[in-house]
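Data block below; observations after.
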Amino acid sequence: MSKEAIKEKSMILQKEMVEGLFNDLANAKELGKKVCYTFIPGNLSELIRTFDMLPVYPEINALQSAMRKQSGAYIKEAERNAHSEDVCTYVKCDVGMMMKGNIGPTGQKIPEPDVLLLSYTGCFTFLKWFETLKREYPNAKVVMVHTPYQENGEMTPEMTQYMVKQLKEEVIPQLEEVTGIKYDEAKLQAHLKLSAEAEDWITKIFDTTKHKPSPIDAYFAGVYYIGPINIGFRGTQKAVDYYKELYKEIQIRIENGQGPITPEGEMKEEKYRLVVEGPPNWTSFREFWKIFYDMGAVIVASSYTKVGGVYDMGWRHDPERPLEALAEYCMNCYTNMNIPQRIDLLKKCIVDYDADGYVTNSIKSCNSFSAGQLGMMREIEDSLEVPVGFIESDLVDPRYFSYSNIKNRLESYFQMLEQRKKMEKETV
Amino acid sequence: MKDLKVLIEECKEHAFDLNFTRAKNWKEEKEGRVLVGYMPIYFPREIIHAAGGMLVGIFGGGDNKQIIKGDAYYQSYICHIPRSIMEIALDKHLEHIDGFIFPSICDVIRNLSGIFKQQKIGKFVKYMDFPQNFLPQIGGVFYQQEMEHVLKYIKEINGKVPTKDELNHSIDLYNKNRQLIEFIYNIRQEYPWRLSIEDVYSIVRAGTVIPVEEHNAILEQICTHIKEDIGVPQDKIKVVVSGAFCEQPALGLIRAIEEAGCYVVDDDYMLGSRMILGDIDATTDNPLESIALSYINQSQYSSSIYDVHDPKENRLAKIVKDRGADGVIFASASFCDPSLLDAPIFQNAFDRMGIRYIAFQFSENINQYKVIKEQVGTFSDSIKLWEDEPILVAK
């Protein structure tokens, strides 16, 4: 575990992008930029860029704190201040981090928000989170855009119009007021064009897992791949360049018949292909991943990589309908889809990517994902007759990651997969 | 007029009947009647009534239902109400209910609507997305469209489209209902010993599972009874209970709070029945718009409504002041995101405002209240016995 991770050019590119963003944030005042706190699902990156603001994503800060082993202390700090043990640990980590000086992952202070832009998509806790932040930052402008849930498995014209009206009559005028910048639709359209391009690339990238062996891990490595498109770079040439480079690297891996890169080098043998539902655990991310790659398990698709946008079914930002595109994007994020839609999407992944099994990582403090997962799992097992596995952990609370429990469960699950494979071979 | 005790017993029978017998009988009495189940917190019952239907409150199994199958659907760290609703559904208690409405409260109830859809329970399942935008021309219009969507489902079942007059008549009936319930709370503010909170709770909850006309008749009689100087005052403090707006505490717990020394002069147990403050305009040509505007302009605060323009802590503080309460009891269902995420907001504000409070968590099926009773009793004693004592600071 102490080995230095292998870095490809795309990784270096991403690192530069993220560092650049945090540097800009640290110098936001000097740069004359307004700071906009917002969330990943339903993030209006193109609109934020149209108003020349810098984005801050509290849940990204939380997960990065977890990866740097700081989230435990932040969570305890929040719990000392009346936050319950049983609520979203992203919220508590963010609140604790704020109480301890709001130092970001690069060691620089994250500036206070000028705008709290809540495009409340697929997660009710976001709404509560911003209520908390508003009380901490009373001078920040709060801009709320309510994203209707795809309760009937569709985006109706009424839902889109509801959102477009909010964008036109509330969001845009308020962003103009805060930034002093006039809304420029042509600028937004230019960003949206680049978004659609990046979305094409990322779809092609996640589709490469059809190859055997899969050249990438679409969950553990996938969370890095979705970084640029989710954290404010969607709608930029930088994001397009990053995904082009990444795709090129993956193509070389396919040509060479190589498996995914792990923190300990290339995965040599692909034994099991899995689809995973639910976010990863961040506090023990590497240990968690290692359990899988040590067993030769590669994740060929995951729902978590769709949390900031679902592009598999062909939807793209359409520059010709800019506000409608923003509205549809928000409504089309994974957790804004109803349970039957989620089941259909996961089943499609299992079939399209020829997965051997389906694993749910149920997160204790994330009801947006977790509530309903058992029913989904049962339906997938019944309809596809695919072996299913179930483990439990948490997002950023280290107290809820039990390595031995998870390892035991997964080992039993892999034994079951092995047995199934043997039986299939014997039948053939 | 019936005796008060008889009325209360009738209400209790209705309120906790997991077979929803009265609703079932009502439906069978006349062809074309539709039953629609709804989960907490709020739904405009007026529109279902006008469409020839009746809305039936499904507020979980409480401590009357053993959960076996429901646990297979929900992990241990998810609140109790979805598993008890699943249990009720899988045990076929809801078979005579035509459709189900899941108002936007939280992710759990939202996703439960998906499980109902996936399991094909009922003729329709509607997640009711209440607007978080409070401009009449934006959120108000969207809300009307959501109501029209529900009416379309009902029309598919009974072919009925409610007229303007029918809608206004239904609004009138529910205005009356809210007035009568408010009257009870207002009487109790001054004379809480006339009717226990346990009885108030049962009376209000009964109204979610019987026809509104019958409920109004019961309420009228109860209001007449409690205008009289009945009951014996006891030495108790007055409190407001907040946080139990979705999963409901067992009746025993509601009773225990009062037995431990606290008259509950306001609460959010059955928030949906009291969500709209004051009357809805029942005289307009566009009743759906009236209902939408009432939600936008005159709804009670709720943990499920984005509140930054009208902070909930100020609104609860006002209730405490208006009711002359001595403090607040925050009672949150275990793992209830909206309630628990609000806790720091309320508690930090009340620390600043000097409003006294305690907080505990419950689950709908707990029936051992000793610890909570001791906590509530200590809270009551601390206010009753030492309120005016100077605070001693150790040196």
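Residue numbers start at 1 in each chain; chains themselves are named A, B, ... in the order of the structure tokens; ligands are numbered from 1 in the order shown.
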Write down as a short mmCIF file (atom, residue, chain, number, x, y, z; two decimals) with C-alpha atoms, in the first residue's frame the residues belonging to range 274-361 of chain A that are assigned strand (DSSP E or B) by DSSP computed on the backbone.
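This is the output file states09.cif:
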```cif
data_model
loop_
_atom_site.label_atom_id
_atom_site.label_comp_id
_atom_site.auth_asym_id
_atom_site.auth_seq_id
_atom_site.Cartn_x
_atom_site.Cartn_y
_atom_site.Cartn_z
CA LEU A 274 -19.24 -6.26 -11.55
CA VAL A 275 -21.77 -3.45 -11.57
CA VAL A 276 -21.81 -1.43 -8.34
CA GLU A 277 -24.64 0.65 -6.94
CA ALA A 297 -12.78 -7.95 -9.64
CA VAL A 298 -13.21 -5.03 -11.98
CA ILE A 299 -16.17 -2.70 -11.89
CA VAL A 300 -17.54 -2.32 -15.41
CA ALA A 301 -20.26 0.20 -14.52
CA SER A 302 -21.46 2.07 -11.45
CA MET A 337 -34.49 9.30 -11.31
CA GLY A 357 -22.52 -9.79 -10.58
CA TYR A 358 -24.13 -6.78 -8.92
CA VAL A 359 -22.92 -5.30 -5.64
CA THR A 360 -24.61 -2.65 -3.51
CA ASN A 361 -22.45 -0.51 -1.27
#
```
Against range 20-27 of chain B, which residues of range 184-296 of chain B fall within 9 Å? For each one I want the closest pair of atoms and the distance in Å (one decimal), counting only C-alpha atoms, rows by chain and increasing residue number, as a tab-separated table.
```
residue	atom	partner	partner_atom	distance
B:Val209	CA	B:Ala23	CA	6.2
B:Ile210	CA	B:Ala23	CA	5.8
B:Pro211	CA	B:Ala23	CA	7.5
```
Since we have the selection now, will you write its residues out, keeping N, CA, C and O atoms, as a compact mmCIF listing (two decimals), in the first residue's frame?
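Heads up, here's the output in result09.txt:
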```
# COMPACT_ATOMS: atom_id res chain seq x y z
N VAL B 209 -58.84 9.65 8.37
CA VAL B 209 -59.29 8.34 7.86
C VAL B 209 -60.81 8.20 7.81
O VAL B 209 -61.32 7.10 7.56
N ILE B 210 -61.53 9.28 8.08
CA ILE B 210 -63.00 9.24 7.96
C ILE B 210 -63.44 10.43 7.09
O ILE B 210 -62.67 11.39 6.91
N PRO B 211 -64.65 10.42 6.58
CA PRO B 211 -65.10 11.56 5.75
C PRO B 211 -65.08 12.86 6.54
O PRO B 211 -65.37 12.88 7.75
```
Quiz prompt | Residues of chain A within 8 Å of chain B, only C-alpha atoms counted, as a ChimeraX atom specification | solution = /A:81-84,86-87,122-125,127-129,131-132,134,142,144-146,148-149,151-152,158-159,162,165-166,338-340,364-365,367-368,371-375
Quiz item: Skipping near chain neighbours, those fewer than 4 positions away, what residues fall within 12 Å of Ser383 in chain A using only C-alpha atoms, listed as a PyMOL selection string?
Solution: chain A and resi 343-344+346-348+350-351+376-379+387-388
Quiz prompt | In range 55-286 of chain B, DSSP helix (DSSP H, G or I) residues written as a PyMOL selection string | solution = chain B and resi 70-72+81-90+107-119+136-158+164-190+192-194+197-206+212-227+251-259+271-274
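Minimum distance to Ala256 in chain B across B:His215, B:Lys370, B:Lys321, B:Lys164 (counting only C-alpha atoms) occurs at B:Lys370.
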Practice problem: Fewer than 4 positions away in the same chain doesn't count, so skip those; otherwise give me all residues within 9 Å of Val239 in chain B, counting only C-alpha atoms, as an MDAnalysis selection string. | Solution: chainID B and resid 262:267 320 323:329 357
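Counting from CA of Phe16 in chain B, the distance to CA of Met86 in chain B is 16.7 Å.
Excluding Ala331 in chain B itself and any same-chain residue fewer than 5 positions from it, the protein and nucleic acid residues within 8 Å of it, counting only C-alpha atoms, are Val241, Ser242, Gly243, Ala244, Ala359, Phe360, Gln361 and Phe362 of chain B.
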Self-check item: Residues near Met331 in chain A, cut-off 10 Å, only C-alpha atoms, skip fewer than 4 positions along chain, as a PyMOL selection string
Solution: chain A and resi 41-42+119-122+146-150+154-155+159-160+163+309-310+325-327+335-337
Kindly save the residues from that selection, with N, CA and C atoms included, as a PDB file, in the first residue's frame.
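Generated output (again_29.pdb):
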```pdb
ATOM      1  N   PRO A  41     -24.573  17.063  -8.036  1.00  0.00           N
ATOM      2  CA  PRO A  41     -25.757  16.702  -8.832  1.00  0.00           C
ATOM      3  C   PRO A  41     -26.547  17.957  -9.217  1.00  0.00           C
ATOM      4  N   GLY A  42     -26.752  18.126 -10.484  1.00  0.00           N
ATOM      5  CA  GLY A  42     -27.474  19.311 -10.946  1.00  0.00           C
ATOM      6  C   GLY A  42     -26.626  20.570 -10.915  1.00  0.00           C
ATOM      7  N   SER A 119     -29.100  24.091  -6.666  1.00  0.00           N
ATOM      8  CA  SER A 119     -29.947  23.445  -7.680  1.00  0.00           C
ATOM      9  C   SER A 119     -30.269  22.077  -7.095  1.00  0.00           C
ATOM     10  N   TYR A 120     -31.267  22.073  -6.301  1.00  0.00           N
ATOM     11  CA  TYR A 120     -31.628  20.965  -5.409  1.00  0.00           C
ATOM     12  C   TYR A 120     -32.080  19.763  -6.234  1.00  0.00           C
ATOM     13  N   THR A 121     -31.147  18.858  -6.473  1.00  0.00           N
ATOM     14  CA  THR A 121     -31.372  17.762  -7.412  1.00  0.00           C
ATOM     15  C   THR A 121     -31.169  16.408  -6.752  1.00  0.00           C
ATOM     16  N   GLY A 122     -32.239  15.678  -6.593  1.00  0.00           N
ATOM     17  CA  GLY A 122     -32.130  14.274  -6.209  1.00  0.00           C
ATOM     18  C   GLY A 122     -31.702  14.006  -4.794  1.00  0.00           C
ATOM     19  N   HIS A 146     -35.463  24.838  -7.801  1.00  0.00           N
ATOM     20  CA  HIS A 146     -36.081  23.565  -7.432  1.00  0.00           C
ATOM     21  C   HIS A 146     -36.172  22.665  -8.661  1.00  0.00           C
ATOM     22  N   THR A 147     -35.521  21.518  -8.566  1.00  0.00           N
ATOM     23  CA  THR A 147     -35.552  20.548  -9.656  1.00  0.00           C
ATOM     24  C   THR A 147     -36.625  19.502  -9.375  1.00  0.00           C
ATOM     25  N   PRO A 148     -37.652  19.422 -10.203  1.00  0.00           N
ATOM     26  CA  PRO A 148     -38.670  18.385  -9.960  1.00  0.00           C
ATOM     27  C   PRO A 148     -38.090  16.983 -10.149  1.00  0.00           C
ATOM     28  N   TYR A 149     -38.597  16.080  -9.368  1.00  0.00           N
ATOM     29  CA  TYR A 149     -38.156  14.680  -9.400  1.00  0.00           C
ATOM     30  C   TYR A 149     -38.819  13.965 -10.572  1.00  0.00           C
ATOM     31  N   GLN A 150     -38.094  13.044 -11.184  1.00  0.00           N
ATOM     32  CA  GLN A 150     -38.698  12.270 -12.291  1.00  0.00           C
ATOM     33  C   GLN A 150     -39.584  11.175 -11.712  1.00  0.00           C
ATOM     34  N   GLU A 154     -40.127  10.357 -16.193  1.00  0.00           N
ATOM     35  CA  GLU A 154     -40.086  11.223 -17.382  1.00  0.00           C
ATOM     36  C   GLU A 154     -39.864  12.674 -16.982  1.00  0.00           C
ATOM     37  N   MET A 155     -39.382  13.443 -17.979  1.00  0.00           N
ATOM     38  CA  MET A 155     -39.283  14.894 -17.794  1.00  0.00           C
ATOM     39  C   MET A 155     -40.388  15.502 -18.648  1.00  0.00           C
ATOM     40  N   MET A 159     -42.527  20.299 -16.204  1.00  0.00           N
ATOM     41  CA  MET A 159     -41.376  20.291 -15.303  1.00  0.00           C
ATOM     42  C   MET A 159     -40.258  21.172 -15.858  1.00  0.00           C
ATOM     43  N   THR A 160     -40.024  21.023 -17.158  1.00  0.00           N
ATOM     44  CA  THR A 160     -38.957  21.824 -17.779  1.00  0.00           C
ATOM     45  C   THR A 160     -39.302  23.312 -17.695  1.00  0.00           C
ATOM     46  N   MET A 163     -38.700  24.836 -14.340  1.00  0.00           N
ATOM     47  CA  MET A 163     -37.286  25.137 -14.094  1.00  0.00           C
ATOM     48  C   MET A 163     -36.804  26.339 -14.908  1.00  0.00           C
ATOM     49  N   GLY A 309     -24.695  13.419 -13.633  1.00  0.00           N
ATOM     50  CA  GLY A 309     -25.285  13.483 -14.968  1.00  0.00           C
ATOM     51  C   GLY A 309     -25.328  12.100 -15.601  1.00  0.00           C
ATOM     52  N   VAL A 310     -26.454  11.789 -16.241  1.00  0.00           N
ATOM     53  CA  VAL A 310     -26.595  10.495 -16.920  1.00  0.00           C
ATOM     54  C   VAL A 310     -26.536  10.756 -18.423  1.00  0.00           C
ATOM     55  N   ALA A 325     -31.857  23.100 -21.649  1.00  0.00           N
ATOM     56  CA  ALA A 325     -30.790  22.100 -21.477  1.00  0.00           C
ATOM     57  C   ALA A 325     -30.330  22.055 -20.021  1.00  0.00           C
ATOM     58  N   LEU A 326     -30.188  23.224 -19.417  1.00  0.00           N
ATOM     59  CA  LEU A 326     -29.780  23.242 -18.000  1.00  0.00           C
ATOM     60  C   LEU A 326     -30.834  22.548 -17.137  1.00  0.00           C
ATOM     61  N   ALA A 327     -32.088  22.841 -17.447  1.00  0.00           N
ATOM     62  CA  ALA A 327     -33.181  22.236 -16.678  1.00  0.00           C
ATOM     63  C   ALA A 327     -33.165  20.720 -16.822  1.00  0.00           C
ATOM     64  N   THR A 335     -29.695  10.374  -9.082  1.00  0.00           N
ATOM     65  CA  THR A 335     -30.553  10.301  -7.894  1.00  0.00           C
ATOM     66  C   THR A 335     -31.863  11.070  -8.067  1.00  0.00           C
ATOM     67  N   ASN A 336     -32.006  11.756  -9.202  1.00  0.00           N
ATOM     68  CA  ASN A 336     -33.294  12.395  -9.482  1.00  0.00           C
ATOM     69  C   ASN A 336     -34.187  11.480 -10.317  1.00  0.00           C
ATOM     70  N   MET A 337     -33.696  10.280 -10.567  1.00  0.00           N
ATOM     71  CA  MET A 337     -34.494   9.297 -11.313  1.00  0.00           C
ATOM     72  C   MET A 337     -35.240   8.426 -10.315  1.00  0.00           C
TER      73      MET A 337
END
```
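Using only C-alpha atoms for every distance, the candidate list B:Asp285, B:Asp279, B:Glu374, B:Glu213 yields B:Glu374 as the residue closest to Glu259 in chain B.
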Contact table range 155-265 of chain A vs range 8-30 of chain A, cut-off 12 Å, shortest pair per residue, only C-alpha atoms, as a Markdown table:
```
| residue | atom | partner | partner_atom | distance |
| --- | --- | --- | --- | --- |
| A:Ala221 | CA | A:Met11 | CA | 10.6 |
| A:Tyr224 | CA | A:Met11 | CA | 8.4 |
| A:Tyr225 | CA | A:Gln14 | CA | 8.8 |
| A:Ile226 | CA | A:Gln14 | CA | 10.3 |
| A:Gly227 | CA | A:Gln14 | CA | 7.9 |
| A:Pro228 | CA | A:Gln14 | CA | 6.9 |
| A:Ile229 | CA | A:Gln14 | CA | 10.6 |
| A:Asn230 | CA | A:Val18 | CA | 11.4 |
| A:Ile231 | CA | A:Val18 | CA | 8.5 |
| A:Gly232 | CA | A:Leu21 | CA | 8.7 |
| A:Phe233 | CA | A:Met17 | CA | 8.3 |
| A:Arg234 | CA | A:Met17 | CA | 11.8 |
| A:Thr236 | CA | A:Met17 | CA | 11.2 |
| A:Gln237 | CA | A:Met17 | CA | 11.6 |
| A:Lys238 | CA | A:Met17 | CA | 8.0 |
| A:Ala239 | CA | A:Gln14 | CA | 8.8 |
| A:Val240 | CA | A:Ser10 | CA | 11.4 |
| A:Asp241 | CA | A:Leu13 | CA | 9.0 |
| A:Tyr242 | CA | A:Ser10 | CA | 6.0 |
| A:Tyr243 | CA | A:Ser10 | CA | 7.8 |
| A:Lys244 | CA | A:Ser10 | CA | 8.9 |
| A:Glu245 | CA | A:Ser10 | CA | 5.9 |
| A:Leu246 | CA | A:Ser10 | CA | 5.4 |
| A:Tyr247 | CA | A:Ser10 | CA | 9.1 |
| A:Lys248 | CA | A:Ser10 | CA | 9.4 |
| A:Glu249 | CA | A:Ser10 | CA | 8.0 |
| A:Ile250 | CA | A:Ser10 | CA | 10.3 |
| A:Arg253 | CA | A:Glu8 | CA | 11.8 |
| A:Ile261 | CA | A:Glu8 | CA | 9.6 |
| A:Thr262 | CA | A:Glu8 | CA | 11.7 |
| A:Pro263 | CA | A:Glu8 | CA | 11.8 |
| A:Gly265 | CA | A:Glu8 | CA | 11.4 |
```
Quiz prompt | Selection: 9 Å around Leu175 in chain A, only C-alpha atoms, excl. self and same-chain fewer than 5 positions, as an NGL selection string | solution = :A and (48 or 51 or 115 or 141 or 143 or 170 or 180-183)
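Comparing the minimum interatomic distances between Ile60 in chain A and each of A:Tyr293, A:Trp201, A:Phe285, A:Phe39, counting only C-alpha atoms, we find that A:Phe39 sits nearest.
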